[in-house]
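The block underneath contains the structure these notes are about, expressed in structure tokens.
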Amino acid sequence: MSVAFPFSAIVGQDELKLALTVAAIDPGIGGLLVFGDRGTGKSTAVRALAALLPKMRAVEGCPYSCDPDGDLAACPYCGTHKDARTRTRPAAVPVVDLPLGATEDRVVGALDLERALTRGEKAFEPGLLARANRGFLYIDEVNLLEDHLVDLLIDVAASGENVVEREGLSVRHPARFSLIGSGNPEEGELRPQLLDRFGLSIEVKTPTDLETRIEVVKRRDLFERDRAAFVEKWKAADAKLRARIVAARKRLPAMEASDVALKRVAELCMKLGTDGLRGEITLIRAARALAALDGDAAVGDSHIRRLAPSVLRHRLRRNPLDDTGSSVRVERAIVEMFGA
Amino acid sequence: MQAPAASAWERAVLAVQLLAIDPAGLGGMHLRAPAGFARDALLGLLRDLLPADAPWRRVPLQIADERLLGGLDLAATLKAGRPVAERGVLAEVDGGVAVFAMAERLAPETAARVVAVLDRGEVVLARDGLSAVTPTRLAAIALDEAVEADERLPAAFGERLAFFADLAAVRHGEIGASSIDRDAIAAARASLAQIEIAPEMQAAICGTALALGIGSSRADLMALRAARASAALFGRAEVAGDDVSVACALVMAHRATQVPAPPAEAEQEEPPPPQEPEQGDDAEPPTDSATPDKPLDDMVLEAAAAAIPPDLLARLKVAKALGGGAASAGKSGALQKSGKRGRPAGVFRGLPGQRNARLNLVATLRAAAPWQRIRAAASAAAAPRVRVLSEDFRVTRFKQRRETTTIFAIDASGSAALHRLAETKGAVELLLADCYVRRDRVSVIAFRAGRAELVLPPTRSLVRAKRALAGLPGGGGTPLATGMDTARELAEAIRRQGGTPTLVLLTDGRANVTRAGIGGRESAEADALDAARRIRATALRVLLVDTGPRPTPLAQTLSTAMGAVYLALPRADAAALNRVVRSSFA
């Protein structure tokens, strides 16, 4: 795997960076969708995420990297190995790339051909969904993903379980992952069901001031000329952010969302007429993660305000008479509620 | 400076030299030219300038994923009795050049796969039970023979290629024998990594991109690399102003979305705002420049502006008029899944005959290949050459151009019936025949007597359409708003299913029943106007045919509110109506 551009060295794109950080603190938020112009560093930011994620503990030998303290009964490996809870290893949180052109057998997993042929064993070879368990599954150009893979992802992302019935195999294994998608809206729209699986959605725009642009080019150029040195230079900044994420995760379980905050969120969602409760729940979760990141005692208006656009903009019903973008509508509602 | 505004051929030759110095860094070239001498000469030159062992592969338009990205090697797998991987074309061309023929017709999906490889510098394979990451650094040449406006290189692909050259106007005589020194290029390639670039040069590149209205930072980076390659070419240790000029002209001219204000006026009226003030602080004016009285940015801009194709703005306008923005998918992008026709869109496990999918023999054999040894051992019977079981079956699904559905919303109320319902029916019948020829689908909505009715759901059946139309009764009030709402809802449903709806509304504009079903001219007309605005918001293509005895302001207002093409129909015959409909939607 080639060296990724350091997260801290990304110029601008504050909303995107905040969303990625929040998603790293609480995977339960459900990943994010990044839509925007070409050449704005969408995939650079997502690929930089891996280096930020603190290590996790996983069951040794388990192909699905199960959490030793979690529910192991659902896992075909851990469920059959009694000592699973005691044999653990530190593991990197996976950020798995789903490349375009991937075939279904590699995504869901299939019969292990080598083993079947050389040893005559019927064994399951886990696919990308298995590798992404407890981590992130990244799809670049998500709107170009083939329909049958989209169907499959929609189902697995909702159930957290991958059910494989093929080639005489019958396997079900945990596949809880956050989806990260990126794309250019001009290439096509996403199915509403898939859109709904993303916790946050970000719109990235091209920086229009010269200084930012120069800085982007300067850093990228330095990175390309000597990757190792550049990464080394930004290592400390990345480590610092990682430490903040770890600290935020520790604070998260105790983070309170007061009734006032809950009411605020509900009011905002009602005002915008978002479909279903998912928007509200996600906004509360995301605001808690942000409050934990900031080291605040409780969820306040400022946390809700900063994340509301990312959480809500892809959940608005389209109003045919209003051609203003969703972002504008969310901003407007926020200003009306919280004041300018 | 090196006169970047020289002829198209000279520019192309310069671009090719830079590309030969840093192929992977510059990504490649978008080469618009008819097949012929100029194109071959340029490609020959590039091939000549690359290292002798650099791979050079031509990639056909309809290349399948297993050849593009890699997959299971069928022959080797059958022979070995175990899965054997095969590299794809992109991985094979590592360190060289892939030439994409007829790239203007390349499917966006295929282009996205190539783009991913160009971006990452590696092929990520997850196919046919194989997973592999292969480092792959290559340059891509997109050959573009586009003639029609809707044939265009996928934008994401063009974005990754530093250069663009249009050789259509290059005459035979311009192409001289090249006197380019291969060794000089090789030397430049070797020295590339040591070339320095000063901050003010970087600033000039970014400033030019901003002034030309280029959104993507990729353009800046490409120009930076091109400037470096140019410096290497001319044996400089540091990027000079000339290199930046050349690079901006070659990389940015074709990406420009606005033409910068002429420098003289820019000084007086609105100076290109951001760059001037900061420049003065940290960057001293380039003293060694040939034109010391001009700031660097201006010079660079001039070079880039001079290289901008003259019809750029005209083309932009056309693109905007065609819908622009989100709807820019246009004809070539509007595709839909189909069982049997069109371009292959993926191979799936399944039985032939199911959902009209067609058996893909090679993919089926590929699926069966690894199992041959086991299957041979399992059955004692005399062996067929290849044992294929039903679980091996692979089928291909196809995509075809999205079909158009024409929705006729017909005012069948008393007033319309009185005047020309018969004529309207005749016109629709003619249009139906036309739609049939074009394989379009049609649908008919009639509104009368307080309600709108979907008389004919979208169909391609001419017979059914005719029957529905013949049985269409007339008379009663005019619930115009309800009719328009129904038509809009149907259009949106069609769009969601991947079709392209167009709406033909035949009415005299006289509404007298509101949405709520209550009579009353004034409120009914207000409702209709509201319905018209909603239709406009959906950006539907609409034709309003005024079926009143004479043109009415009502119908005209309605048409404007919808953004429709308005057509008054004073005693025209059905054939004339048909002609008009055809030409306004052509």
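Letters A, B, ... go to the chains of the structure tokens in the order shown; residues in each chain start at 1; ligands are counted from 1 in the same order.
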
What's the 12 Å shell around A:Ser182, counting only C-alpha atoms, without same-chain residues fewer than 2 positions away, as a ChimeraX atom specification? /A:16,31-38,40-47,97-98,137-145,179-180,184-185,187,189-190,195,198,200-204

Taking only C-alpha atoms into account, report as a list in words which residues of chain B lie within 6 Å of chain A.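 Every residue of chain B that passes the 6 Å test is in Ala126, Arg127, Gly129, Ala203, Cys206, Gly215, Ser216, Ser217, Arg218, Leu221, Ala326, Arg534 and Ala537 of chain B.
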
Name the residues in contact with stretch 280-283 of chain A at a cut-off of 8 Å, using only C-alpha atoms, excluding same-chain residues fewer than 5 positions from it; report them as a PDB file with C-alpha atoms, in the first residue's frame.
ATOM      1  CA  ILE A  29     -22.799   7.601  13.581  1.00  0.00           C
ATOM      2  CA  GLY A 199     -24.678   9.202   8.769  1.00  0.00           C
ATOM      3  CA  VAL A 265     -32.558  18.774  17.828  1.00  0.00           C
ATOM      4  CA  ALA A 266     -36.138  17.603  17.562  1.00  0.00           C
ATOM      5  CA  CYS A 269     -35.609  18.342  12.472  1.00  0.00           C
ATOM      6  CA  ILE A 304     -25.521  20.859  17.283  1.00  0.00           C
ATOM      7  CA  LEU A 307     -22.839  19.329  12.735  1.00  0.00           C
ATOM      8  CA  ALA A 308     -26.455  19.896  11.741  1.00  0.00           C
ATOM      9  CA  VAL A 311     -26.219  15.314   9.375  1.00  0.00           C
ATOM     10  CA  LEU A 312     -29.340  16.741   7.823  1.00  0.00           C
TER      11      LEU A 312
END

With a distance cut-off of 12 Å and only C-alpha atoms, select the neighbouring residues of B:Gly25, excluding the residue or stretch itself and same-chain residues fewer than 2 positions from it, and output the selection as a PyMOL selection string. (chain A and resi 221+224-225) or (chain B and resi 18-23+27-29+95-96+118-121+137-140+160-163+189+192-193+218+221-229)

If you measure from atom CA of B:Gly563 to atom CA of B:Leu543, what distance in Å do you get, rounded to one decimal? 8.9 Å

Fewer than 3 positions away in the same chain doesn't count, so skip those; otherwise give me all residues within 9 Å of A:Ser65, counting only C-alpha atoms, as a PyMOL selection string. chain A and resi 57-62+68+91+130-134

How many Å separate atom CA of B:Val386 from atom CA of B:Ala368?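 Here the two named atoms are 8.0 Å from each other.
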
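Among the residues of stretch 177-321 of chain A, backbone DSSP assigns strand (DSSP E or B) to Ser178, Leu179, Ile180, Gly181, Ser182, Gly183, Leu200, Ser201, Ile202, Glu203, Val204, Glu256 and Ala298 of chain A.
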
Written file, previous selection with C-alpha atoms, as a compact mmCIF listing (two decimals), in the first residue's frame:
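New file part-v8.txt:
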# COMPACT_ATOMS: atom_id res chain seq x y z
CA SER A 178 -19.16 2.55 8.52
CA LEU A 179 -19.63 3.36 4.87
CA ILE A 180 -17.59 6.15 3.40
CA GLY A 181 -18.48 7.17 -0.09
CA SER A 182 -17.13 9.87 -2.29
CA GLY A 183 -18.10 11.05 -5.70
CA LEU A 200 -23.14 12.43 7.55
CA SER A 201 -22.89 14.02 4.16
CA ILE A 202 -20.36 16.63 3.20
CA GLU A 203 -20.20 18.94 0.24
CA VAL A 204 -16.69 19.94 -0.63
CA GLU A 256 -24.76 13.81 28.50
CA ALA A 298 -22.37 18.49 27.88

Compare B:Leu31, B:Val84, B:Met201, B:Ile214 by their minimum atom-to-atom distance to B:Ser245, counting only C-alpha atoms, and give me the closest one.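 Smallest separation from B:Ser245 among the options: B:Met201.
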
Which residues are close to A:Val22, i.e. within 10 Å by only C-alpha atoms, leaving aside same-chain residues fewer than 3 positions away? Reply as a PyMOL selection string. chain A and resi 16-19+25-27+29+31+200+245+248-249+285-293+307

Record the distance separating atom CA of B:Gly483 and atom CA of B:Asp440, expressed in Å with one decimal.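 Value for the atom CA of B:Gly483-atom CA of B:Asp440 distance: 22.0 Å.
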
Stretch 11-258 of chain A: residues DSSP assigns to alpha helix (DSSP H), reported as a PyMOL selection string: chain A and resi 14-25+42-48+104-108+113-119+128-131+147-159+192-196+210-225+227-251
